[in-house]
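**Q** One file: work00.csv (CSV, C-alpha atoms).
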chain,number,residue,atom,x,y,z
F,806,MET,CA,6.5,29.7,-18.1
F,807,GLY,CA,2.8,30.0,-18.7
F,808,ASP,CA,1.9,27.6,-16.0
F,809,PHE,CA,4.3,29.3,-13.6
F,810,ASN,CA,2.8,32.7,-14.3
F,811,GLU,CA,-0.7,31.3,-13.8
F,812,SER,CA,0.4,29.9,-10.4
F,813,VAL,CA,1.9,33.3,-9.4
F,814,VAL,CA,-1.5,35.0,-10.1
F,815,LEU,CA,-3.5,32.3,-8.4
F,816,ASP,CA,-1.3,32.4,-5.3
F,817,ALA,CA,-1.6,36.2,-5.2
F,818,ILE,CA,-5.4,35.9,-5.3
F,819,ARG,CA,-5.4,33.2,-2.6
F,820,ARG,CA,-3.3,35.3,-0.2
F,821,HIS,CA,-5.8,38.2,-0.4
F,822,THR,CA,-9.1,36.8,0.8
F,823,ALA,CA,-10.9,40.1,0.3
F,824,GLY,CA,-10.0,39.9,-3.4
F,825,LEU,CA,-7.7,41.7,-5.8
F,826,SER,CA,-8.4,43.6,-9.0
F,827,ARG,CA,-6.5,42.9,-12.2
F,828,VAL,CA,-4.6,46.2,-11.8
F,829,GLU,CA,-3.6,45.1,-8.2
F,830,LEU,CA,-2.6,41.7,-9.5
F,831,ALA,CA,-0.3,43.2,-12.1
F,832,GLN,CA,1.3,45.4,-9.4
F,833,ALA,CA,1.6,42.4,-7.0
F,834,THR,CA,3.1,40.0,-9.5
F,835,GLY,CA,5.1,42.2,-11.8
F,836,LEU,CA,3.4,40.7,-14.8
F,837,SER,CA,2.0,42.9,-17.6
F,838,ALA,CA,-1.6,43.9,-17.6
F,839,GLN,CA,-2.2,41.8,-20.8
F,840,THR,CA,-0.7,38.7,-19.2
F,841,VAL,CA,-2.8,39.1,-16.1
F,842,SER,CA,-5.9,39.6,-18.1
F,843,ASN,CA,-5.3,36.5,-20.1
F,844,ILE,CA,-4.5,34.4,-17.0
F,845,THR,CA,-7.5,35.6,-15.1
F,846,ARG,CA,-9.8,34.8,-18.0
F,847,ARG,CA,-8.5,31.3,-18.0
F,848,LEU,CA,-9.0,31.0,-14.2
F,849,LEU,CA,-12.5,32.3,-14.5
F,850,ASP,CA,-13.2,29.8,-17.3
F,851,GLN,CA,-11.9,27.0,-15.2
F,852,GLY,CA,-14.0,28.0,-12.3
F,853,VAL,CA,-11.0,28.3,-10.0
F,854,ALA,CA,-11.5,32.1,-9.6
F,855,ARG,CA,-14.6,34.2,-9.4
F,856,GLU,CA,-15.6,37.8,-9.7
F,857,SER,CA,-16.7,39.0,-6.3
F,858,GLY,CA,-17.8,42.6,-6.6
F,859,LYS,CA,-16.5,46.0,-7.4
F,860,GLN,CA,-13.9,48.3,-5.8
F,861,SER,CA,-14.2,52.0,-6.1
F,862,THR,CA,-10.9,53.9,-6.7
F,863,GLY,CA,-12.4,57.3,-6.2
F,864,SER,CA,-12.2,58.2,-9.9
F,865,GLY,CA,-12.8,56.3,-13.1
F,866,LYS,CA,-14.5,53.0,-13.6
F,867,PRO,CA,-14.7,50.7,-10.5
F,868,ARG,CA,-12.4,47.7,-10.6
F,869,THR,CA,-13.7,44.1,-10.5
F,870,LEU,CA,-12.3,42.0,-7.6
F,871,LEU,CA,-11.2,38.4,-8.1
F,872,GLN,CA,-11.3,35.8,-5.4
F,873,ILE,CA,-10.6,32.1,-5.2
F,874,ALA,CA,-13.7,29.8,-5.7
F,875,PRO,CA,-13.1,27.5,-2.7
F,876,GLY,CA,-15.3,24.6,-4.0
F,877,ALA,CA,-13.7,24.5,-7.4
F,878,ARG,CA,-11.1,21.9,-6.3
F,879,TYR,CA,-10.3,19.8,-3.2
F,880,ALA,CA,-7.5,17.8,-1.7
F,881,VAL,CA,-7.4,14.8,0.7
F,882,GLY,CA,-5.0,14.6,3.6
F,883,VAL,CA,-4.0,11.5,5.6
F,884,HIS,CA,-1.8,11.7,8.7
F,885,LEU,CA,-0.4,8.3,9.7
F,886,ASP,CA,0.5,8.7,13.4
F,887,PRO,CA,1.4,5.8,15.6
F,888,ALA,CA,-1.6,6.5,17.9
F,889,VAL,CA,-4.3,7.6,15.4
F,890,ILE,CA,-4.9,8.0,11.7
F,891,THR,CA,-6.6,11.2,10.7
F,892,PHE,CA,-8.3,12.1,7.4
F,893,VAL,CA,-9.4,15.5,6.1
F,894,LEU,CA,-10.8,17.0,2.9
F,895,LEU,CA,-9.9,20.6,2.2
F,896,ASP,CA,-11.2,23.1,-0.3
F,897,LEU,CA,-8.9,25.6,-2.1
F,898,LEU,CA,-8.7,28.0,0.8
F,899,GLY,CA,-7.5,25.2,3.2
F,900,THR,CA,-10.9,24.9,5.0
F,901,VAL,CA,-11.7,21.5,6.3
F,902,VAL,CA,-15.0,20.4,4.8
F,903,ALA,CA,-14.9,16.8,6.1
F,904,GLN,CA,-12.8,14.8,8.5
F,905,ARG,CA,-12.6,11.5,10.4
F,906,SER,CA,-10.1,9.6,12.5
F,907,GLU,CA,-9.5,6.0,13.7
F,908,ARG,CA,-7.0,4.4,16.1
F,909,THR,CA,-3.9,3.1,14.3
F,910,PRO,CA,-4.1,-0.7,14.1
F,911,ARG,CA,-1.4,-2.6,16.0
F,912,GLY,CA,0.7,-5.3,14.4
F,913,GLY,CA,2.8,-5.6,11.3
F,914,ASP,CA,0.2,-6.3,8.6
F,915,THR,CA,0.9,-3.1,6.7
F,916,ASP,CA,-1.1,-4.3,3.6
F,917,GLN,CA,-4.2,-4.5,5.8
F,918,VAL,CA,-3.6,-1.1,7.3
F,919,VAL,CA,-3.1,0.5,3.8
F,920,ALA,CA,-6.3,-1.2,2.6
F,921,GLY,CA,-8.1,0.3,5.6
F,922,ILE,CA,-6.7,3.8,4.9
F,923,ALA,CA,-7.7,3.6,1.3
F,924,ALA,CA,-11.2,2.6,2.2
F,925,SER,CA,-11.5,5.5,4.7
F,926,VAL,CA,-10.3,7.9,2.1
F,927,THR,CA,-12.9,6.7,-0.4
F,928,ALA,CA,-15.6,6.9,2.3
F,929,LEU,CA,-14.6,10.4,3.3
F,930,VAL,CA,-14.9,11.8,-0.2
F,931,ALA,CA,-18.2,9.9,-0.8
F,932,GLU,CA,-19.8,11.1,2.5
F,933,SER,CA,-18.7,14.7,1.8
F,934,GLY,CA,-20.8,14.8,-1.4
F,935,VAL,CA,-17.8,16.3,-3.2
F,936,ASP,CA,-17.4,15.2,-6.9
F,937,ARG,CA,-14.3,12.9,-7.1
F,938,GLU,CA,-13.3,14.7,-10.3
F,939,ARG,CA,-12.8,17.9,-8.3
F,940,VAL,CA,-10.2,16.2,-6.0
F,941,LEU,CA,-6.7,17.1,-7.0
F,942,GLY,CA,-5.0,14.4,-5.1
F,943,LEU,CA,-4.0,12.7,-1.9
F,944,GLY,CA,-1.4,14.0,0.5
F,945,ILE,CA,0.2,11.7,3.1
F,946,ALA,CA,2.0,12.8,6.3
F,947,ALA,CA,4.0,10.1,8.1
F,948,PRO,CA,6.5,10.0,10.9
F,949,GLY,CA,10.2,9.9,9.7
F,950,PRO,CA,12.4,8.7,8.4
F,951,ILE,CA,10.9,8.6,4.9
F,952,ASP,CA,12.3,8.1,1.5
F,953,ALA,CA,10.6,11.1,-0.2
F,954,ALA,CA,11.8,10.3,-3.7
F,955,ALA,CA,10.6,6.6,-3.6
F,956,GLY,CA,7.5,7.4,-1.5
F,957,LEU,CA,8.6,5.0,1.3
F,958,VAL,CA,7.9,5.0,5.0
F,959,VAL,CA,11.3,3.8,6.4
F,960,ASP,CA,10.9,2.0,9.8
F,961,PRO,CA,9.5,4.8,12.1
F,962,PRO,CA,10.4,4.1,15.8
F,963,GLU,CA,6.8,3.8,17.0
F,964,LEU,CA,5.4,1.8,14.0
F,965,PRO,CA,6.8,-1.7,14.1
F,966,GLY,CA,6.7,-3.5,10.8
F,967,TRP,CA,6.7,-0.4,8.7
F,968,GLY,CA,10.1,-0.9,7.2
F,969,SER,CA,10.4,0.4,3.6
F,970,VAL,CA,6.6,0.4,2.9
F,971,PRO,CA,5.8,2.0,-0.4
F,972,LEU,CA,2.9,3.9,1.1
F,973,ARG,CA,2.6,6.6,-1.5
F,974,ASP,CA,2.2,4.3,-4.5
F,975,GLN,CA,0.1,1.8,-2.7
F,976,LEU,CA,-2.5,4.4,-1.6
F,977,SER,CA,-2.4,6.1,-5.0
F,978,GLU,CA,-3.2,2.7,-6.7
F,979,ALA,CA,-5.9,1.8,-4.1
F,980,THR,CA,-7.7,5.2,-4.2
F,981,GLY,CA,-7.2,6.3,-7.8
F,982,PHE,CA,-5.8,9.6,-6.7
F,983,PRO,CA,-2.3,10.9,-7.4
F,984,ALA,CA,-0.4,10.9,-4.1
F,985,LEU,CA,2.4,12.8,-2.3
F,986,LEU,CA,4.3,11.7,0.8
F,987,ASP,CA,6.0,14.0,3.2
F,988,LYS,CA,7.3,13.8,6.8
F,989,ASP,CA,4.6,14.8,9.3
F,990,VAL,CA,6.4,17.8,10.7
F,991,ILE,CA,7.1,19.1,7.2
F,992,ALA,CA,3.4,18.7,6.3
F,993,ALA,CA,2.5,20.6,9.4
F,994,VAL,CA,4.7,23.6,8.4
F,995,VAL,CA,3.1,23.5,4.9
F,996,ALA,CA,-0.3,23.7,6.6
F,997,GLU,CA,0.8,26.7,8.6
F,998,ARG,CA,2.2,28.4,5.5
F,999,TRP,CA,-0.9,27.7,3.5
F,1000,SER,CA,-3.7,28.6,5.9
F,1001,GLY,CA,-2.5,28.9,9.5
F,1002,ALA,CA,-1.3,31.6,11.8
F,1003,ALA,CA,2.0,32.2,9.9
F,1004,THR,CA,0.6,32.9,6.5
F,1005,GLU,CA,2.0,36.5,6.6
F,1006,SER,CA,5.5,35.3,7.7
F,1007,ARG,CA,8.2,34.3,5.2
F,1008,ASN,CA,10.6,33.0,7.9
F,1009,PHE,CA,9.2,30.9,10.7
F,1010,LEU,CA,9.6,27.6,12.4
F,1011,PHE,CA,7.0,25.1,13.6
F,1012,PHE,CA,7.6,22.9,16.6
F,1013,TYR,CA,5.5,19.8,16.3
F,1014,LEU,CA,4.4,17.7,19.3
F,1015,GLY,CA,2.7,14.4,18.6
F,1016,THR,CA,3.8,10.8,19.4
F,1017,GLY,CA,7.2,12.3,18.7
F,1018,SER,CA,8.5,15.7,18.0
F,1019,GLY,CA,10.2,17.7,15.3
F,1020,MET,CA,10.6,21.1,13.7
F,1021,GLY,CA,9.4,22.4,10.4
F,1022,LEU,CA,11.3,25.3,8.9
F,1023,VAL,CA,10.4,28.0,6.4
F,1024,VAL,CA,13.1,30.4,5.1
F,1025,ASP,CA,12.3,33.1,2.5
F,1026,ASP,CA,8.9,31.5,2.0
F,1027,THR,CA,10.5,28.2,1.1
F,1028,VAL,CA,9.9,25.0,3.1
F,1029,LEU,CA,13.2,23.3,3.9
F,1030,ARG,CA,13.1,19.6,3.4
F,1031,GLY,CA,16.8,18.6,3.3
F,1032,VAL,CA,18.6,16.2,1.0
F,1033,SER,CA,16.3,13.2,1.7
F,1034,GLY,CA,13.2,14.9,2.9
F,1035,ASN,CA,14.0,14.3,6.5
F,1036,ALA,CA,14.8,17.8,7.8
F,1037,GLY,CA,13.5,18.7,11.2
F,1038,GLU,CA,15.0,16.2,13.6
F,1039,VAL,CA,15.6,18.0,16.9
F,1040,GLY,CA,17.6,15.5,18.8
F,1041,GLY,CA,20.8,17.4,18.2
F,1042,LEU,CA,19.2,20.5,19.8
F,1043,GLY,CA,18.4,18.5,22.9
F,1044,ALA,CA,14.7,19.0,22.2
F,1045,ALA,CA,13.6,15.6,21.1
F,1046,CYS,CA,10.5,14.5,23.0
F,1047,SER,CA,7.9,11.7,22.9
F,1048,THR,CA,4.7,11.0,24.8
F,1049,ARG,CA,6.1,7.6,25.8
F,1050,VAL,CA,9.3,9.0,27.4
F,1051,LEU,CA,7.3,11.7,29.2
F,1052,VAL,CA,4.8,9.3,30.7
F,1053,GLU,CA,7.5,6.8,31.6
F,1054,GLU,CA,9.4,9.5,33.4
F,1055,ALA,CA,6.2,10.5,35.3
F,1056,ILE,CA,5.7,6.8,36.3
F,1057,ALA,CA,9.3,6.4,37.4
F,1058,LEU,CA,9.0,9.5,39.7
F,1059,GLY,CA,5.7,8.2,41.2
F,1060,VAL,CA,3.6,11.0,39.6
F,1061,LEU,CA,1.6,8.5,37.6
F,1062,GLY,CA,0.7,5.0,38.7
F,1063,GLY,CA,1.8,1.8,37.0
F,1064,GLU,CA,-1.6,1.4,35.4
F,1065,PHE,CA,-0.5,4.1,33.0
F,1066,THR,CA,2.5,2.1,31.7
F,1067,PRO,CA,2.3,2.7,27.9
F,1068,MET,CA,2.0,-0.5,25.9
F,1069,ASP,CA,1.5,1.4,22.7
F,1070,PRO,CA,1.3,5.1,21.5
F,1071,GLY,CA,-2.4,5.3,22.3
F,1072,ASP,CA,-1.7,4.3,25.9
F,1073,ALA,CA,1.1,6.9,26.1
F,1074,GLN,CA,-1.3,9.6,25.0
F,1075,ARG,CA,-3.9,8.7,27.7
F,1076,GLY,CA,-1.1,8.8,30.3
F,1077,LEU,CA,-0.1,12.3,29.1
F,1078,GLU,CA,-3.7,13.4,29.3
F,1079,GLN,CA,-3.7,12.3,33.0
F,1080,LEU,CA,-0.4,14.0,33.7
F,1081,ALA,CA,-1.7,17.3,32.1
F,1082,LEU,CA,-4.9,17.0,34.2
F,1083,LEU,CA,-2.9,16.6,37.4
F,1084,ALA,CA,-0.7,19.6,36.5
F,1085,ALA,CA,-3.8,21.7,35.8
F,1086,ARG,CA,-5.2,20.8,39.2
F,1087,GLY,CA,-2.0,22.1,40.9
F,1088,ASP,CA,0.0,18.9,41.3
F,1089,GLU,CA,3.5,20.4,41.6
F,1090,ARG,CA,5.3,17.1,40.8
F,1091,ALA,CA,3.3,16.7,37.6
F,1092,GLY,CA,3.9,20.4,36.7
F,1093,SER,CA,7.7,19.9,37.2
F,1094,VAL,CA,7.8,16.9,34.8
F,1095,ILE,CA,6.1,19.0,32.1
F,1096,ASP,CA,8.2,22.1,32.8
F,1097,ARG,CA,11.5,20.2,32.5
F,1098,TRP,CA,10.4,19.0,29.2
F,1099,GLY,CA,9.3,22.5,28.2
F,1100,ILE,CA,12.7,24.0,29.1
F,1101,ARG,CA,14.4,21.5,26.8
F,1102,ILE,CA,12.0,22.4,24.0
F,1103,GLY,CA,12.5,26.2,24.7
F,1104,ARG,CA,16.3,25.9,24.5
F,1105,GLY,CA,16.1,24.0,21.2
F,1106,VAL,CA,13.6,26.5,19.8
F,1107,CYS,CA,15.8,29.5,20.8
F,1108,ALA,CA,18.8,27.9,19.2
F,1109,ALA,CA,17.0,27.3,15.9
F,1110,ALA,CA,15.4,30.7,15.9
F,1111,THR,CA,18.8,32.2,16.4
F,1112,LEU,CA,20.3,30.2,13.6
F,1113,LEU,CA,17.6,30.9,11.1
F,1114,ASP,CA,16.7,34.5,12.1
F,1115,VAL,CA,12.9,33.8,12.0
F,1116,ASP,CA,10.2,36.2,13.1
F,1117,THR,CA,7.6,33.6,14.2
F,1118,ILE,CA,7.7,30.4,16.2
F,1119,VAL,CA,4.5,28.3,16.0
F,1120,PHE,CA,3.7,25.3,18.2
F,1121,GLY,CA,1.2,22.6,17.4
F,1122,GLY,CA,0.5,18.9,16.8
F,1123,PRO,CA,-1.9,16.2,18.2
F,1124,ILE,CA,-0.9,16.6,21.8
F,1125,TRP,CA,0.0,20.3,21.9
F,1126,HIS,CA,-3.4,21.4,23.1
F,1127,LEU,CA,-2.9,19.3,26.3
F,1128,LEU,CA,0.2,21.3,27.3
F,1129,ALA,CA,-0.3,24.6,25.3
F,1130,ASP,CA,-1.1,27.0,28.1
F,1131,ARG,CA,1.7,25.8,30.5
F,1132,LEU,CA,4.4,25.5,27.8
F,1133,LEU,CA,3.7,28.8,26.1
F,1134,ALA,CA,3.9,30.6,29.4
F,1135,LEU,CA,7.3,28.9,30.0
F,1136,ILE,CA,8.8,29.2,26.5
F,1137,GLU,CA,7.7,32.6,25.4
F,1138,PRO,CA,9.8,34.4,28.1
F,1139,MET,CA,12.7,32.2,27.2
F,1140,VAL,CA,12.5,33.5,23.6
F,1141,ALA,CA,11.9,37.1,24.8
F,1142,GLN,CA,14.9,37.0,27.1
F,1143,SER,CA,17.3,35.3,24.7
F,1144,PRO,CA,20.2,37.7,23.9
F,1145,PHE,CA,20.2,36.4,20.4
F,1146,VAL,CA,16.6,35.8,19.3
F,1147,LYS,CA,15.1,39.2,19.7
F,1148,PRO,CA,17.7,42.0,19.5
F,1149,ILE,CA,16.8,43.3,16.0
F,1150,HIS,CA,13.2,42.3,15.5
F,1151,PRO,CA,10.3,40.9,17.6
F,1152,THR,CA,9.7,37.2,17.6
F,1153,LEU,CA,6.1,36.1,17.8
F,1154,VAL,CA,5.5,32.8,19.8
F,1155,ILE,CA,2.0,31.4,19.1
F,1156,THR,CA,-0.1,28.3,18.9
F,1157,THR,CA,-1.2,27.1,15.4
F,1158,ALA,CA,-4.5,28.3,14.1
F,1159,VAL,CA,-5.0,25.1,12.2
F,1160,GLY,CA,-5.8,22.9,15.2
F,1161,GLU,CA,-4.6,19.5,16.5
F,1162,ASN,CA,-5.1,17.9,13.1
F,1163,VAL,CA,-2.4,20.2,11.6
F,1164,ALA,CA,-0.4,17.3,10.1
F,1165,ALA,CA,-3.5,15.9,8.2
F,1166,VAL,CA,-4.4,19.4,7.0
F,1167,GLY,CA,-0.8,19.8,6.0
F,1168,ALA,CA,-0.9,16.5,4.0
F,1169,ALA,CA,-3.8,17.9,2.0
F,1170,SER,CA,-2.0,21.3,1.8
F,1171,LEU,CA,0.9,19.5,0.1
F,1172,VAL,CA,-1.4,18.8,-2.8
F,1173,LEU,CA,-2.7,22.3,-2.9
F,1174,ASP,CA,0.7,23.8,-2.7
F,1175,ARG,CA,2.2,21.5,-5.3
F,1176,THR,CA,-0.7,22.1,-7.7
F,1177,LEU,CA,-1.5,25.7,-7.2
F,1178,SER,CA,1.5,27.6,-5.7
F,1179,ALA,CA,4.3,29.0,-7.9
F,1180,GLN,CA,7.2,26.5,-8.0
F,1181,PRO,CA,10.4,28.3,-9.1
F,1182,LYS,CA,12.0,24.9,-9.7
F,1183,SER,CA,9.6,24.4,-12.6
F,1184,LEU,CA,11.4,27.2,-14.5
F,1185,LEU,CA,14.7,25.2,-14.6
F,1186,LEU,CA,15.6,24.0,-18.0
F,1187,GLY,CA,16.8,20.4,-18.4
What is this structure when it is put down as structure tokens?
**A**
Amino acid sequence: MGDFNESVVLDAIRRHTAGLSRVELAQATGLSAQTVSNITRRLLDQGVARESGKQSTGSGKPRTLLQIAPGARYAVGVHLDPAVITFVLLDLLGTVVAQRSERTPRGGDTDQVVAGIAASVTALVAESGVDRERVLGLGIAAPGPIDAAAGLVVDPPELPGWGSVPLRDQLSEATGFPALLDKDVIAAVVAERWSGAATESRNFLFFYLGTGSGMGLVVDDTVLRGVSGNAGEVGGLGAACSTRVLVEEAIALGVLGGEFTPMDPGDAQRGLEQLALLAARGDERAGSVIDRWGIRIGRGVCAAATLLDVDTIVFGGPIWHLLADRLLALIEPMVAQSPFVKPIHPTLVITTAVGENVAAVGAASLVLDRTLSAQPKSLLLG
């Protein structure tokens, strides 16, 4: 119970970047003034929180404000995408303090790839100048399906040779950091909840566009993972998309030449970049290919928003920036005109504030969230 209450207080401080007084913390958390005083003393002693000035209340003694100390702890995030592997180091406020990326190696030698990822993680921390002892752990975002309980990557469609790879445990052993594994789209929604555009929303969905697509879901401030940790597949909504399929469709219609035939996910992304460039220059056929894709996504998003009654829809992922302006202009009116999505409350449709590395940031945010946020399940008695 003590650890839970400490997490409640820490989470309240984190969510108010301007700072909160002890009196405000007691009001915000429902804890007694004495409990809040004891907890904040521990947080100050640990260096996780800091006093940041005084707040005048108009009468009486000014109250001391408390804020998170961003550099007190850090977390590493790795996003294993079929096209590129991205690494980030975050502080406690979710700010990226170091990052790097490299093209995903082809072939089925997963041991070699894992060794390379571990070496890059070690180099990232060393080059940042951050003390390893301040790193809470390593979060890993990977394409589904995954076995979350066992920490396995289970044969993703665009990663040949990655069948039942114990990525979590291998990277933990190789780096020396405790590790967590989650599906990339779930990691992305955790990033958005921790430090993105939807930090004020308790009910939102995140549509992720990378080599593939998916949807992360938050209901009553809880990330939905499903029985096996594979929630978020959008094929049943008719909204499943991939860069390869889009580029192949453009080639079949003669919009792109055969030289853009994708041999691997990296090739597919270059083809999509060319398609987006043509559409931006006014090529109607290129625009039509993208728009047809956008309509499918919009319909799926409207259906999910209706089902879950969310107030915010966020779009992001490694390729979203290539299509953001065109697809937002298409999808936002679809949401606004839906007879079901917006009759009772407005529904905000936005681009992530985290950036194109949202899944890597989300991977690190998994560690921050698991370590620092209040976890109601921790109160269950066995």
**Q** Tell me which protein, DNA and RNA residues are within 7 Å of Val1154 of chain F, counting all atoms listed in the file, leaving out same-chain ones fewer than 5 positions away, and put them as a list in words.
**A**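 My list of contacting residues is Thr1117, Ile1118, Val1119 and Glu1137 of chain F.
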**Q** Contacts of Gln1142 of chain F at 12 Å or less, counting all atoms listed in the file, minus same-chain residues fewer than 6 places along, as a list in words?
**A**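 Surrounding residues, per the criterion: Gly1103, Arg1104, Cys1107, Leu1135, Ile1136, Pro1148, Pro1151 and Thr1152 of chain F.
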**Q** Within 6 Å of segment 906-913 of chain F, counting only C-alpha atoms, which residues show up once you throw out same-chain ones fewer than 3 positions away? Write them as a ChimeraX atom specification, please.
**A** /F:888-892,966
**Q** Which residues are close to segment 1081-1083 of chain F, i.e. within 9 Å by all atoms listed in the file, leaving aside same-chain residues fewer than 3 positions away? Reply as an NGL selection string.
**A** :F and (1060 or 1076-1078 or 1086-1092 or 1095 or 1127-1128)
**Q** Could you state the separation of atom CA of Ala880 of chain F and atom CA of Thr822 of chain F in Å, given to one decimal place?
**A**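 For atom CA of Ala880 of chain F relative to atom CA of Thr822 of chain F, the distance reads 19.2 Å.
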**Q** Segment 827-840 of chain F: which residues within 8 Å, counting only C-alpha atoms, same-chain residues fewer than 4 positions away excluded, as number ranges by chain?
**A** F: 813-814, 817-818, 844-845, 868-871
**Q** Distance atom CA of Trp1125 of chain F-atom CA of Asp1026 of chain F, one decimal place?
**A** 24.5 Å
